[in-house]
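Worksheet for the structure shown next.
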Amino acid sequence: MSAELTAADAPAKRLSDYRPYPFTLETVRLDFTLDPDATEVRARLTFSPRQEAAALELDGEDLELVSVAVDGRALTPDDYELTKTGLTIPANVLPSQPFTLETVTRIAPSKNTALEGLYMSNGMYCTQCEAEGFRKITYYPDRPDVMARFHVTITGDQPVLLANGDLVESREGYAEWVDPWPKPAYLFALVAGDLRAHSGTFTTMSGRKVATNIWVRPGDEDRCDFALQALHRSMRWDEEAYGREYDLDIFNIVAVDDFNMGAMENKGLNIFNSKWVLASPETATDADYERIEGIIAHEYFHNWTGNRITCRDWFQLCLKEGLTVYRDQQFTGDMRGHATKRIDDVLSLRGRQFREDRGPLSHPPRPDHYREINNFYTATVYEKGAEIVGMLHRLLGAEGYRAALDLYFERHDGQACTIEDWLKVFEDSSGRDLSQFKRWYTDAGTPTLRVRDSFKDGTYTLEFEQETRPTPGQSEKLPRHIPIEVGLLSENGDEVLPSTVLEMTEAKQSFTFDGLATRPVPSILRDFSAPVRLERDVDTSELAFLLTHDRDPFNRWEAGRALAQKVLIGRVLGQETDASFSDAIGALLRDETADPAFRALCLNLPSEDSIAQALYDQGETPDPAAIYAAREGLARDLASAHKTLLAEIFTSTEATGPYSSDPEQAGPRALRLAVLRLLNRIDGGARAGALFASAENMTESLGALAALVQTGQDAAAMAEFRERWQGDRLVMDKWFLVQLANCPPETALERAGALTGDPLFTWKTPNRFRALMAGLSGNHAGFHRADGASYRFYADWLLKLDPVNPQVAARMSTAFETWTRYDEGRREKMRSELERIAAQPGLSRDLSEMTQRLLG
């Protein structure tokens, strides 16, 4: 489709309409002559017909067609049909046997602000082809089930010329690359520019030497070592955990400033957003280091789960993304601790995917239709997709899961596959019927799991009921196959039943446990064994007991979070609350045996957005200002009640020696900053100011700055931070984000407005735009001002960005996805802004579809 078409103009693509491509693409030869305004692309494609009398349909957008020939015969315009969306050569023009198509096209990378296809970033040529960007490079069957071997030459005046595969020839101004493995066009990559390599060598499990390189702009060489070591750890882990060995002689990663995504797994040439490569203690936080390590691993793991085995069509996107997210979660757990990693993952799932499931953007992990595929790179595809893989792992056990994955790699290597192919290997390897389990892929919505219990004559009974509410396009919801991990505790905290997986397959189902001397305390949904909402009437004393005694770290944290939420909701509604949460936090603070990172997570109060959703789920209308006041009040009360103990922890967790991002140091730092966020409410920012002045790493510097912003005492520190770091684009992204995300809500909009006038607000750079707008929308009470001014400001900027970068504009529009849960005044104001966006002439199909879906 042409970019001029809106979502309303574009026909929906449906899974049921899938048909195999009528030609096999044997080989691809691409010759690039680079020029900012007129790059020439010569394509030589060798096709074999799969059926008689089929037209050759090729995708293409924003291309200048110079010439087209079949088997050396130049075609005239009468021989083909050329539209804004592609090139079609009728069957009667084509040979009935294998033939070669040659095209010459011109493109203008310097004018490509959408950052799809071939574009320029600060003088560097770069590609982004997933999902449908390759059609902006040359005419091609741009679909993932068309796989071919690529032979690429690059001619240009850049010092470094990179493409997929192995380098076969290189001289000044010329490079030739051959990728021996068939791949779809979305995995094509090309980078050319003035780059520097931080290099290493990795020896695979079979003894092959692989050259590894992190390519960056001059001046960034000293911030690459962590990324390189993370790559090597990922390569080794994938060999040990999954038996997967790397299959080329070279692996390149390139850091690019202007990038719509986090990173891209192009075969042998991963392209990364710079923020997820560059790291030093002075410029990156502990969270940055962990995220860099996880994203490096994710993109590397795609080499087998995404590249060697790809998806047949874009409806199967969660096949590669869900599996690879699950693999990177396992990796990070092994590197940094499974308990805290699991809590972090569930926080993200609930904050993004559960929110998605509750609103107008709800869709199955495998949707059955879409208009713009870029709008389906969602938390449902990624995070929920990973949860589904995790459930399969839990149901089959470690050995059964490994056997299924071994069969998957053996059976489907080199293929473009479907969810059915994926589930079939689990059925064949285990002998289990997974037809009901498949509903996790095909049904939208988050199941609610209601629980009641009883105890009589030594028998304890758990009664479960599952229900999934109707979602857009899906009204009837059948029961799903839910693994529920359960443990039972005695009154002194001993486990009378260790963790056991119950398999629920009915709408209502009971499980009994016999031979118990006394009524146990249940620990239900341990390790968050399924992505469901658990509803059970639990009093505060039981939650406090679980926070103190549960052996499962996730449920221990979950109990504390439920306690905090009870208190916060009670305060918002003006109800009396008891001291059970404060007492439990005091006990946790005194528990020096607990992991510091875990204690830090327990000290972090539920977000304002999650409190708003909890109120809405209870039938209440959330008041953002009241929620903010309740959360601030609870933080102050906790700080006052435990100020001595908190102060002792703040002092005792001060790091000594050189900085390390390893968990042994990162955990205590996380606890120290969690403590600071509480003490900050009662000391007027004194500790935060002192820490900002003395901090020698970005983790503490930024943490202290955020605390100062909360108190409104940040002016001098903010100016100092800007003066020091204004030349570092990644650090300045943090500067824009931190002040809006943490400032008092009454100042958020005015602050955002002032920041858009800052010369450093380069709004066409995705990272900078996201930093400012995410900071504003993440300031819950500030974004949801009663007068609607923040909504209008936000919508104005989406409309400004849309003609420049439709993908980013569409993805940022999800700030409005909860518009239906607020009071009538806020609802009307948000709906009005969405309608204003939708009515904008010339709106991109990306943002047009999103606003239509948001409006329902």
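A note on labels: chains of the structure tokens are A, B, ... as shown, every chain counts residues from 1, and ligands are counted from 1 in their shown order.
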Can you list every residue of range 260-311 of chain A that has an atom at most 12 Å from range 333-350 of chain A, with its nearest atom pair and the distance in Å to one decimal, using only C-alpha atoms, ordered by chain then number, as CSV?
```
residue,atom,partner,partner_atom,distance
A:Asp286,CA,A:Arg336,CA,11.5
A:Ala287,CA,A:Asp344,CA,11.1
A:Tyr289,CA,A:Arg336,CA,11.1
A:Glu290,CA,A:Arg336,CA,8.3
A:Arg291,CA,A:Lys341,CA,11.3
A:Glu293,CA,A:Met335,CA,9.3
A:Gly294,CA,A:Met335,CA,9.6
A:Ala297,CA,A:Met335,CA,11.2
```
- Task: Run DSSP on the backbone and grab whatever in range 60-178 of chain A lands in strand (DSSP E or B); send it over as a ChimeraX atom specification.
- Result: /A:64-70,73-74,81-83,86-89,99-107,117-121,124-128,140,148-155,160-163,166-171,174-178
Per-residue nearest contacts of range 296-341 of chain A to range 12-25 of chain A (10 Å; only C-alpha atoms) as CSV:
```
residue,atom,partner,partner_atom,distance
A:Arg312,CA,A:Pro20,CA,9.3
A:Asp313,CA,A:Tyr18,CA,8.1
A:Trp314,CA,A:Leu15,CA,9.0
A:Phe315,CA,A:Leu15,CA,6.5
A:Gln316,CA,A:Leu15,CA,9.3
```
May I have the residues from that selection written out with N, CA, C and O atoms, as a JSON list (two decimals), in the first residue's frame?
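Wrote it out as result.json, contents follow:
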```
[["chain", "number", "residue", "atom", "x", "y", "z"],
["A", 312, "ARG", "N", 5.66, -18.09, 8.56],
["A", 312, "ARG", "CA", 5.11, -18.23, 7.21],
["A", 312, "ARG", "C", 4.48, -16.93, 6.72],
["A", 312, "ARG", "O", 4.55, -16.56, 5.55],
["A", 313, "ASP", "N", 3.82, -16.23, 7.62],
["A", 313, "ASP", "CA", 3.17, -14.96, 7.31],
["A", 313, "ASP", "C", 3.17, -14.14, 8.60],
["A", 313, "ASP", "O", 3.52, -14.64, 9.67],
["A", 314, "TRP", "N", 2.79, -12.87, 8.50],
["A", 314, "TRP", "CA", 2.90, -11.99, 9.67],
["A", 314, "TRP", "C", 1.85, -12.28, 10.73],
["A", 314, "TRP", "O", 1.97, -11.79, 11.86],
["A", 315, "PHE", "N", 0.84, -13.09, 10.40],
["A", 315, "PHE", "CA", -0.09, -13.53, 11.45],
["A", 315, "PHE", "C", 0.63, -14.41, 12.47],
["A", 315, "PHE", "O", 0.19, -14.53, 13.61],
["A", 316, "GLN", "N", 1.71, -15.04, 12.06],
["A", 316, "GLN", "CA", 2.47, -15.95, 12.94],
["A", 316, "GLN", "C", 3.60, -15.23, 13.69],
["A", 316, "GLN", "O", 4.52, -15.86, 14.18]]
```
- Message: So that I can check the surroundings of range 120-129 of chain A, please list as a PyMOL selection string every protein, DNA and RNA residue that reaches within 9 Å of it, counting only C-alpha atoms and ignoring chain neighbours fewer than 5 positions away.
- Response: chain A and resi 34+36+109-113+115+134-137+158+185-195+256-260+264+266+271
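The shell of residues at most 9 Å from Gly712 in chain A, with only C-alpha atoms counted and near chain neighbours (fewer than 2 positions) removed, consists of A:Gly685, A:Ala707, A:Leu708, A:Val709, A:Gln710, A:Asp714, A:Ala715, A:Cys743, A:Pro744.
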